[in-house]
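The file model-v3.tsv comes next; it holds TSV, C-alpha atoms.
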chain	number	residue	atom	x	y	z
A	25	MET	CA	50.57	64.28	107.74
A	26	ALA	CA	54.16	65.52	108.05
A	27	ASN	CA	55.37	61.91	108.17
A	28	SER	CA	53.37	60.92	105.12
A	29	TYR	CA	54.80	63.79	103.04
A	30	MET	CA	58.27	62.95	104.30
A	31	LYS	CA	57.89	59.27	103.38
A	32	GLN	CA	56.85	60.35	99.88
A	33	ALA	CA	59.92	62.61	99.60
A	34	ILE	CA	62.24	59.84	100.84
A	35	GLU	CA	60.81	57.37	98.30
A	36	MET	CA	61.35	59.97	95.58
A	37	ALA	CA	65.00	60.45	96.65
A	38	VAL	CA	65.64	56.67	96.56
A	39	ALA	CA	64.06	56.46	93.09
A	40	ASN	CA	66.18	59.44	91.96
A	41	VAL	CA	69.42	57.62	92.86
A	42	ARG	CA	68.27	54.68	90.73
A	43	ARG	CA	67.84	57.16	87.82
A	44	ASN	CA	71.41	58.45	88.37
A	45	GLY	CA	70.44	61.53	90.40
A	46	GLY	CA	71.66	62.60	93.83
A	47	PRO	CA	70.06	61.18	97.01
A	48	PHE	CA	67.79	64.14	97.80
A	49	ALA	CA	64.17	65.12	97.13
A	50	THR	CA	61.79	67.92	98.18
A	51	LEU	CA	58.00	68.33	98.19
A	52	ILE	CA	56.11	71.61	98.49
A	53	VAL	CA	52.68	71.45	100.08
A	54	LYS	CA	49.97	74.09	100.15
A	55	ASP	CA	46.57	73.63	101.86
A	56	GLY	CA	47.23	69.92	102.23
A	57	ILE	CA	48.07	69.40	98.55
A	58	VAL	CA	51.50	68.58	97.09
A	59	ILE	CA	51.84	71.35	94.50
A	60	ALA	CA	55.41	70.63	93.37
A	61	SER	CA	58.29	68.26	93.86
A	62	GLY	CA	61.91	68.09	92.88
A	63	ALA	CA	64.80	65.66	93.04
A	64	ASN	CA	68.48	66.44	92.71
A	65	GLN	CA	69.45	66.77	89.02
A	66	VAL	CA	72.99	68.21	89.29
A	67	THR	CA	74.84	65.60	87.27
A	68	ARG	CA	71.92	64.57	85.04
A	69	SER	CA	71.26	68.14	83.87
A	70	ASN	CA	74.77	69.59	84.26
A	71	ASP	CA	73.37	72.22	86.61
A	72	PRO	CA	75.19	72.72	89.93
A	73	THR	CA	72.17	74.68	91.24
A	74	ALA	CA	69.72	71.82	90.57
A	75	HIS	CA	69.49	70.68	94.17
A	76	ALA	CA	66.12	69.17	95.14
A	77	GLU	CA	65.00	72.28	97.05
A	78	ILE	CA	65.83	74.67	94.18
A	79	VAL	CA	64.12	72.43	91.61
A	80	ALA	CA	60.98	72.19	93.78
A	81	ILE	CA	60.90	75.93	94.64
A	82	ARG	CA	61.18	76.89	90.96
A	83	GLU	CA	58.44	74.46	90.01
A	84	ALA	CA	56.10	75.56	92.83
A	85	CYS	CA	56.56	79.23	91.92
A	86	ARG	CA	55.92	78.46	88.26
A	87	ILE	CA	52.67	76.70	89.21
A	88	LEU	CA	51.57	79.44	91.60
A	89	GLY	CA	52.61	82.25	89.22
A	90	ASP	CA	54.33	83.96	92.13
A	91	PHE	CA	57.91	84.47	93.30
A	92	GLN	CA	56.86	83.82	96.91
A	93	LEU	CA	55.77	80.56	98.58
A	94	THR	CA	53.46	82.26	101.08
A	95	GLY	CA	51.54	79.69	103.13
A	96	CYS	CA	53.49	76.74	101.70
A	97	ASP	CA	55.42	74.08	103.62
A	98	LEU	CA	58.62	72.56	102.27
A	99	TYR	CA	59.48	68.91	103.03
A	100	THR	CA	63.03	67.97	102.24
A	101	THR	CA	64.82	64.67	102.83
A	102	CYS	CA	67.90	66.36	104.31
A	103	GLU	CA	68.87	69.61	106.03
A	104	PRO	CA	69.40	72.23	103.29
A	105	CYS	CA	72.85	73.40	102.19
A	106	PRO	CA	73.61	77.16	102.35
A	107	MET	CA	72.53	77.71	98.73
A	108	CYS	CA	69.17	76.05	99.33
A	109	LEU	CA	68.70	77.74	102.71
A	110	GLY	CA	69.28	81.07	100.98
A	111	ALA	CA	66.71	80.15	98.31
A	112	ILE	CA	64.24	79.21	101.06
A	113	TYR	CA	64.64	82.65	102.65
A	114	TRP	CA	64.04	84.36	99.30
A	115	ALA	CA	60.95	82.18	98.61
A	116	ARG	CA	59.61	82.54	102.19
A	117	PRO	CA	57.62	79.34	102.81
A	118	ALA	CA	55.86	79.06	106.18
A	119	HIS	CA	57.76	76.01	107.50
A	120	VAL	CA	60.64	73.74	106.52
A	121	TYR	CA	60.56	70.06	107.52
A	122	TYR	CA	63.61	67.85	107.06
A	123	ALA	CA	64.56	64.25	107.89
A	124	ALA	CA	68.29	63.48	107.59
A	125	THR	CA	70.82	65.83	109.16
A	126	HIS	CA	74.00	67.46	107.83
A	127	ALA	CA	75.91	64.73	109.71
A	128	ASP	CA	74.00	61.98	107.86
A	129	ALA	CA	74.78	63.71	104.55
A	130	ALA	CA	78.47	64.09	105.42
A	131	GLY	CA	78.60	60.36	106.15
A	132	ALA	CA	77.51	59.72	102.54
A	133	GLY	CA	80.14	62.11	101.12
A	134	PHE	CA	77.98	65.27	100.95
A	135	ASP	CA	79.74	67.56	103.38
A	136	ASP	CA	78.40	71.11	103.16
A	137	SER	CA	80.05	72.24	106.41
A	138	PHE	CA	82.92	73.56	104.26
A	139	ILE	CA	80.51	75.92	102.47
A	140	TYR	CA	78.90	77.00	105.75
A	141	ARG	CA	82.39	77.89	107.06
A	142	GLU	CA	83.34	79.72	103.85
A	143	ILE	CA	80.18	81.86	103.92
A	144	ALA	CA	81.03	82.97	107.44
A	145	ALA	CA	84.69	83.69	106.55
A	146	PRO	CA	86.08	87.11	105.56
A	147	HIS	CA	86.73	87.51	101.81
A	148	ASP	CA	90.49	87.25	102.07
A	149	HIS	CA	90.23	83.91	103.90
A	150	ARG	CA	87.99	82.22	101.34
A	151	ALA	CA	89.07	79.27	99.18
A	152	ILE	CA	87.57	80.95	96.09
A	153	PRO	CA	89.17	84.42	95.91
A	154	MET	CA	86.64	87.27	95.97
A	155	ILE	CA	88.12	90.43	94.53
A	156	ARG	CA	86.54	93.87	94.49
A	157	VAL	CA	86.81	95.71	91.16
A	158	SER	CA	86.47	99.44	91.58
A	159	ASP	CA	84.31	101.10	89.01
A	160	GLU	CA	82.92	104.58	89.27
A	161	LEU	CA	79.64	103.26	87.81
A	162	HIS	CA	79.18	100.50	90.39
A	163	SER	CA	76.11	102.23	91.86
A	164	SER	CA	74.42	102.95	88.54
A	165	PRO	CA	72.15	99.83	88.53
A	166	PHE	CA	70.89	100.80	92.01
A	167	ASP	CA	70.47	104.45	90.93
A	168	GLU	CA	68.41	103.30	87.95
A	169	TRP	CA	66.34	101.07	90.27
A	170	SER	CA	65.73	103.88	92.78
A	171	ARG	CA	64.53	106.20	90.00
A	172	LYS	CA	62.04	103.60	88.74
A	173	SER	CA	58.64	104.51	90.16
A	174	ASP	CA	56.95	101.17	89.28
A	175	ARG	CA	59.68	98.91	90.64
A	176	LEU	CA	58.46	95.60	92.04
A	177	ARG	CA	60.25	94.68	95.26
A	178	TYR	CA	61.07	91.04	95.98
B	67	MET	CA	90.42	93.32	81.40
B	68	ALA	CA	88.61	92.94	84.74
B	69	ASN	CA	87.32	96.48	84.46
B	70	SER	CA	86.07	95.97	80.93
B	71	TYR	CA	84.09	92.85	81.91
B	72	MET	CA	82.73	94.65	84.94
B	73	LYS	CA	81.64	97.65	82.86
B	74	GLN	CA	79.81	95.26	80.54
B	75	ALA	CA	78.07	93.61	83.53
B	76	ILE	CA	77.10	97.00	84.99
B	77	GLU	CA	75.60	98.11	81.66
B	78	MET	CA	73.66	94.86	81.51
B	79	ALA	CA	72.28	95.43	85.03
B	80	VAL	CA	71.15	98.97	84.15
B	81	ALA	CA	69.45	97.67	80.98
B	82	ASN	CA	67.80	94.92	83.04
B	83	VAL	CA	66.14	97.46	85.36
B	84	ARG	CA	64.72	99.22	82.28
B	85	ARG	CA	63.21	95.84	81.26
B	86	ASN	CA	61.63	95.46	84.73
B	87	GLY	CA	64.31	93.19	86.17
B	88	GLY	CA	66.35	93.62	89.33
B	89	PRO	CA	69.53	95.78	89.35
B	90	PHE	CA	72.05	92.94	89.10
B	91	ALA	CA	73.98	91.16	86.32
B	92	THR	CA	76.74	88.56	86.05
B	93	LEU	CA	79.20	87.52	83.33
B	94	ILE	CA	81.17	84.28	83.20
B	95	VAL	CA	84.49	84.40	81.39
B	96	LYS	CA	86.71	81.53	80.29
B	97	ASP	CA	90.04	81.95	78.48
B	98	GLY	CA	89.26	85.62	77.88
B	99	ILE	CA	85.84	84.94	76.32
B	100	VAL	CA	82.45	85.78	77.86
B	101	ILE	CA	80.75	82.37	77.69
B	102	ALA	CA	77.54	83.25	79.55
B	103	SER	CA	75.70	86.11	81.18
B	104	GLY	CA	72.67	86.54	83.34
B	105	ALA	CA	70.57	89.34	84.77
B	106	ASN	CA	68.15	89.14	87.67
B	107	GLN	CA	64.81	87.70	86.53
B	108	VAL	CA	63.06	87.08	89.87
B	109	THR	CA	59.91	89.09	89.26
B	110	ARG	CA	59.83	88.74	85.47
B	111	SER	CA	60.00	84.93	85.59
B	112	ASN	CA	58.35	84.36	88.99
B	113	ASP	CA	61.47	82.53	90.13
B	114	PRO	CA	62.96	83.56	93.49
B	115	THR	CA	66.17	81.69	92.60
B	116	ALA	CA	66.69	83.67	89.35
B	117	HIS	CA	69.40	85.95	90.73
B	118	ALA	CA	71.96	87.08	88.16
B	119	GLU	CA	74.66	84.70	89.44
B	120	ILE	CA	72.36	81.64	89.35
B	121	VAL	CA	71.08	82.49	85.85
B	122	ALA	CA	74.66	82.93	84.56
B	123	ILE	CA	76.02	79.80	86.29
B	124	ARG	CA	73.21	77.64	84.86
B	125	GLU	CA	73.77	79.06	81.39
B	126	ALA	CA	77.57	78.65	81.51
B	127	CYS	CA	77.23	75.04	82.68
B	128	ARG	CA	74.71	74.32	79.92
B	129	ILE	CA	77.15	75.72	77.35
B	130	LEU	CA	80.15	73.86	78.78
B	131	GLY	CA	78.17	70.62	79.25
B	132	ASP	CA	79.60	70.38	82.75
B	133	PHE	CA	78.35	70.95	86.30
B	134	GLN	CA	81.64	72.64	87.22
B	135	LEU	CA	83.03	76.03	86.16
B	136	THR	CA	86.66	74.95	86.35
B	137	GLY	CA	88.97	77.71	85.11
B	138	CYS	CA	86.15	80.24	84.77
B	139	ASP	CA	85.94	83.70	86.33
B	140	LEU	CA	82.65	85.19	87.50
B	141	TYR	CA	82.06	88.96	87.28
B	142	THR	CA	79.07	90.16	89.23
B	143	THR	CA	77.84	93.70	89.75
B	144	CYS	CA	77.34	93.22	93.49
B	145	GLU	CA	78.60	91.02	96.31
B	146	PRO	CA	76.66	87.74	96.15
B	147	CYS	CA	73.87	86.87	98.60
B	148	PRO	CA	74.18	83.60	100.59
B	149	MET	CA	72.18	81.62	98.00
B	150	CYS	CA	74.46	82.78	95.18
B	151	LEU	CA	77.60	82.34	97.24
B	152	GLY	CA	76.50	78.76	97.94
B	153	ALA	CA	75.91	78.23	94.20
B	154	ILE	CA	79.38	79.63	93.48
B	155	TYR	CA	80.95	77.10	95.86
B	156	TRP	CA	79.07	74.23	94.20
B	157	ALA	CA	80.09	75.45	90.70
B	158	ARG	CA	83.71	76.15	91.74
B	159	PRO	CA	84.88	78.97	89.42
B	160	ALA	CA	88.50	80.11	89.81
B	161	HIS	CA	87.77	83.71	90.90
B	162	VAL	CA	84.85	85.96	91.76
B	163	TYR	CA	85.02	89.67	90.94
B	164	TYR	CA	82.38	92.08	92.26
B	165	ALA	CA	81.79	95.85	92.15
B	166	ALA	CA	79.08	97.11	94.56
B	167	THR	CA	79.11	95.93	98.16
B	168	HIS	CA	76.42	94.53	100.44
B	169	ALA	CA	76.18	98.02	101.95
B	170	ASP	CA	75.47	99.57	98.52
B	171	ALA	CA	72.75	96.93	97.94
B	172	ALA	CA	71.20	97.54	101.35
B	173	GLY	CA	71.03	101.25	100.53
B	174	ALA	CA	68.84	100.35	97.52
B	175	GLY	CA	66.55	98.12	99.61
B	176	PHE	CA	68.30	94.78	98.97
B	177	ASP	CA	69.47	93.85	102.44
B	178	ASP	CA	70.74	90.28	102.55
B	179	SER	CA	72.40	90.67	105.96
B	180	PHE	CA	69.20	89.22	107.45
B	181	ILE	CA	69.75	85.99	105.47
B	182	TYR	CA	73.45	85.89	106.42
B	183	ARG	CA	72.42	86.13	110.10
B	184	GLU	CA	69.71	83.49	109.73
B	185	ILE	CA	72.09	81.00	108.11
B	186	ALA	CA	74.44	81.35	111.06
B	187	ALA	CA	71.61	81.03	113.62
B	188	PRO	CA	70.59	77.79	115.37
B	189	HIS	CA	67.40	76.20	113.95
B	190	ASP	CA	65.20	77.20	116.87
B	191	HIS	CA	66.19	80.86	116.49
B	192	ARG	CA	65.33	81.11	112.79
B	193	ALA	CA	62.48	83.24	111.40
B	194	ILE	CA	61.36	80.33	109.17
B	195	PRO	CA	60.82	77.37	111.53
B	196	MET	CA	62.95	74.33	110.64
B	197	ILE	CA	61.48	71.18	112.09
B	198	ARG	CA	63.03	67.72	112.10
B	199	VAL	CA	60.64	64.91	111.14
B	200	SER	CA	61.84	61.57	112.45
B	201	ASP	CA	61.50	58.76	109.98
B	202	GLU	CA	63.19	55.39	110.31
B	203	LEU	CA	63.89	55.51	106.56
B	204	HIS	CA	65.65	58.89	106.60
B	205	SER	CA	69.00	57.29	105.67
B	206	SER	CA	67.63	55.15	102.84
B	207	PRO	CA	68.49	57.61	100.00
B	208	PHE	CA	72.10	57.73	101.26
B	209	ASP	CA	72.18	53.92	101.65
B	210	GLU	CA	70.99	53.56	98.05
B	211	TRP	CA	73.67	56.07	96.96
B	212	SER	CA	76.45	54.28	98.84
B	213	ARG	CA	75.48	50.95	97.24
B	214	LYS	CA	75.64	52.46	93.73
B	215	SER	CA	78.99	51.53	92.25
B	216	ASP	CA	78.80	53.98	89.30
B	217	ARG	CA	77.75	57.03	91.32
B	218	LEU	CA	79.00	60.35	89.98
B	219	ARG	CA	80.17	62.66	92.77
B	220	TYR	CA	79.58	66.40	92.51
Structure translated into structure tokens:
Amino acid sequence: MANSYMKQAIEMAVANVRRNGGPFATLIVKDGIVIASGANQVTRSNDPTAHAEIVAIREACRILGDFQLTGCDLYTTCEPCPMCLGAIYWARPAHVYYAATHADAAGAGFDDSFIYREIAAPHDHRAIPMIRVSDELHSSPFDEWSRKSDRLRY
Amino acid sequence: MANSYMKQAIEMAVANVRRNGGPFATLIVKDGIVIASGANQVTRSNDPTAHAEIVAIREACRILGDFQLTGCDLYTTCEPCPMCLGAIYWARPAHVYYAATHADAAGAGFDDSFIYREIAAPHDHRAIPMIRVSDELHSSPFDEWSRKSDRLRY
């Protein structure tokens, strides 16, 4: 079955390029049923976060009415970038299946190794400067959260 | 000015907790004007990707009609998680300003150091299994992309 879902995702990614999207697509499967899919919409929707994985995760969660993908499998045409890998960890599917590798993506001009290196780098060595602003109230959102007895953890 | 934007973001994060959101907010500023803001909506909108930074980046890009935040500054109440840091690198703002640290967040139960460690770990050591599915067509989305003469890079 894994191969059949992956073939479907690959066909969706090819079709997405023909509709002026990026060459990536993702399916989310639960109990043998494809519950959501997504293709890269960055340039079409002017949304830098609209990678295939993010689009599919948002759609699957909308359909399930849950912010967790418990028991779901994610099929994606290429190894996820750091943003999408982070989203996967927040959504917590059971398994991630991928076909093309980072190296394949880099060969087509999609090199996310720069972002992987930046995430691992200390703040003062990053290409986008990250600057701490001191504010005596910086803890107040967390204080408010900690005082809230009906807070819903995620 | 940095402190005034940060105070505004912190107030927004406190207000968001009172409306049953997470304790995080982000402002995006261009040419001295706040063009977009976002507060964490994960549980309220059943969207695990709806962190403050992602909500604000999507909104700013929608307003600018662009998938890049060239010349924009991002003010966020807490150091970004790996998903949001990845989104920041894809959106490419000029600067990122933050107030609370990862350690402050961890103290309130938001520990993203696990995700930072997972992203740096090899596939076979990750808590969510990542499995390669071989498919002879795995390069076909990239081949289609490379053949497309009017492709828009992002």
Q: Find the residues of chain A in contact range of chain B, meaning any atom within 6 Å when counting all atoms listed in the file, and list them as number ranges by chain.
A: A: 37-38, 47, 70-73, 82, 90-91, 106-107, 110-111, 114-115, 119-124, 132, 152-158, 162, 165-166
Here atom CA of Ser103 of chain B and atom CA of Ser61 of chain A stand apart by 28.0 Å
Separating atom CA of Pro146 of chain A from atom CA of Ser179 of chain B, to the nearest tenth of an Å, is a gap of 14.1 Å
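Atom pair atom CA of Asp190 of chain B / atom CA of Ala127 of chain A has a distance of 17.9 Å (rounded to one decimal).
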With N, CA, C and O atoms as the target, complete segment 52-66 of chain A and hand it back as a PDB file, in the frame of the given file.
ATOM      1  N   ILE A  52      56.694  70.362  97.993  1.00  0.00           N
ATOM      2  CA  ILE A  52      56.110  71.610  98.490  1.00  0.00           C
ATOM      3  C   ILE A  52      54.596  71.433  98.562  1.00  0.00           C
ATOM      4  O   ILE A  52      53.957  70.984  97.602  1.00  0.00           O
ATOM      5  N   VAL A  53      54.072  71.733  99.760  1.00  0.00           N
ATOM      6  CA  VAL A  53      52.680  71.450 100.080  1.00  0.00           C
ATOM      7  C   VAL A  53      51.970  72.755 100.408  1.00  0.00           C
ATOM      8  O   VAL A  53      52.496  73.593 101.143  1.00  0.00           O
ATOM      9  N   LYS A  54      50.795  72.927  99.814  1.00  0.00           N
ATOM     10  CA  LYS A  54      49.970  74.090 100.150  1.00  0.00           C
ATOM     11  C   LYS A  54      48.539  73.617 100.406  1.00  0.00           C
ATOM     12  O   LYS A  54      47.998  72.853  99.591  1.00  0.00           O
ATOM     13  N   ASP A  55      47.936  74.035 101.511  1.00  0.00           N
ATOM     14  CA  ASP A  55      46.570  73.630 101.860  1.00  0.00           C
ATOM     15  C   ASP A  55      46.375  72.119 101.742  1.00  0.00           C
ATOM     16  O   ASP A  55      45.364  71.644 101.213  1.00  0.00           O
ATOM     17  N   GLY A  56      47.361  71.371 102.214  1.00  0.00           N
ATOM     18  CA  GLY A  56      47.230  69.920 102.230  1.00  0.00           C
ATOM     19  C   GLY A  56      47.468  69.227 100.902  1.00  0.00           C
ATOM     20  O   GLY A  56      47.312  68.009 100.796  1.00  0.00           O
ATOM     21  N   ILE A  57      47.852  69.994  99.876  1.00  0.00           N
ATOM     22  CA  ILE A  57      48.070  69.400  98.550  1.00  0.00           C
ATOM     23  C   ILE A  57      49.527  69.563  98.146  1.00  0.00           C
ATOM     24  O   ILE A  57      50.105  70.644  98.322  1.00  0.00           O
ATOM     25  N   VAL A  58      50.124  68.493  97.620  1.00  0.00           N
ATOM     26  CA  VAL A  58      51.500  68.580  97.090  1.00  0.00           C
ATOM     27  C   VAL A  58      51.421  69.332  95.762  1.00  0.00           C
ATOM     28  O   VAL A  58      50.878  68.821  94.789  1.00  0.00           O
ATOM     29  N   ILE A  59      51.952  70.560  95.736  1.00  0.00           N
ATOM     30  CA  ILE A  59      51.840  71.350  94.500  1.00  0.00           C
ATOM     31  C   ILE A  59      53.078  71.221  93.613  1.00  0.00           C
ATOM     32  O   ILE A  59      53.019  71.532  92.421  1.00  0.00           O
ATOM     33  N   ALA A  60      54.200  70.775  94.186  1.00  0.00           N
ATOM     34  CA  ALA A  60      55.410  70.630  93.370  1.00  0.00           C
ATOM     35  C   ALA A  60      56.380  69.692  94.069  1.00  0.00           C
ATOM     36  O   ALA A  60      56.315  69.520  95.293  1.00  0.00           O
ATOM     37  N   SER A  61      57.248  69.099  93.284  1.00  0.00           N
ATOM     38  CA  SER A  61      58.290  68.260  93.860  1.00  0.00           C
ATOM     39  C   SER A  61      59.547  68.413  93.031  1.00  0.00           C
ATOM     40  O   SER A  61      59.491  68.897  91.892  1.00  0.00           O
ATOM     41  N   GLY A  62      60.658  68.015  93.613  1.00  0.00           N
ATOM     42  CA  GLY A  62      61.910  68.090  92.880  1.00  0.00           C
ATOM     43  C   GLY A  62      62.905  67.107  93.449  1.00  0.00           C
ATOM     44  O   GLY A  62      62.907  66.852  94.656  1.00  0.00           O
ATOM     45  N   ALA A  63      63.707  66.516  92.578  1.00  0.00           N
ATOM     46  CA  ALA A  63      64.800  65.660  93.040  1.00  0.00           C
ATOM     47  C   ALA A  63      66.093  66.221  92.475  1.00  0.00           C
ATOM     48  O   ALA A  63      66.081  66.967  91.494  1.00  0.00           O
ATOM     49  N   ASN A  64      67.186  65.899  93.121  1.00  0.00           N
ATOM     50  CA  ASN A  64      68.480  66.440  92.710  1.00  0.00           C
ATOM     51  C   ASN A  64      68.841  66.032  91.278  1.00  0.00           C
ATOM     52  O   ASN A  64      68.824  64.852  90.935  1.00  0.00           O
ATOM     53  N   GLN A  65      69.160  67.018  90.445  1.00  0.00           N
ATOM     54  CA  GLN A  65      69.450  66.770  89.020  1.00  0.00           C
ATOM     55  C   GLN A  65      70.818  67.333  88.621  1.00  0.00           C
ATOM     56  O   GLN A  65      71.032  67.631  87.442  1.00  0.00           O
ATOM     57  N   VAL A  66      71.710  67.533  89.584  1.00  0.00           N
ATOM     58  CA  VAL A  66      72.990  68.210  89.290  1.00  0.00           C
ATOM     59  C   VAL A  66      73.736  67.552  88.142  1.00  0.00           C
ATOM     60  O   VAL A  66      74.078  68.193  87.146  1.00  0.00           O
TER      61      VAL A  66
END
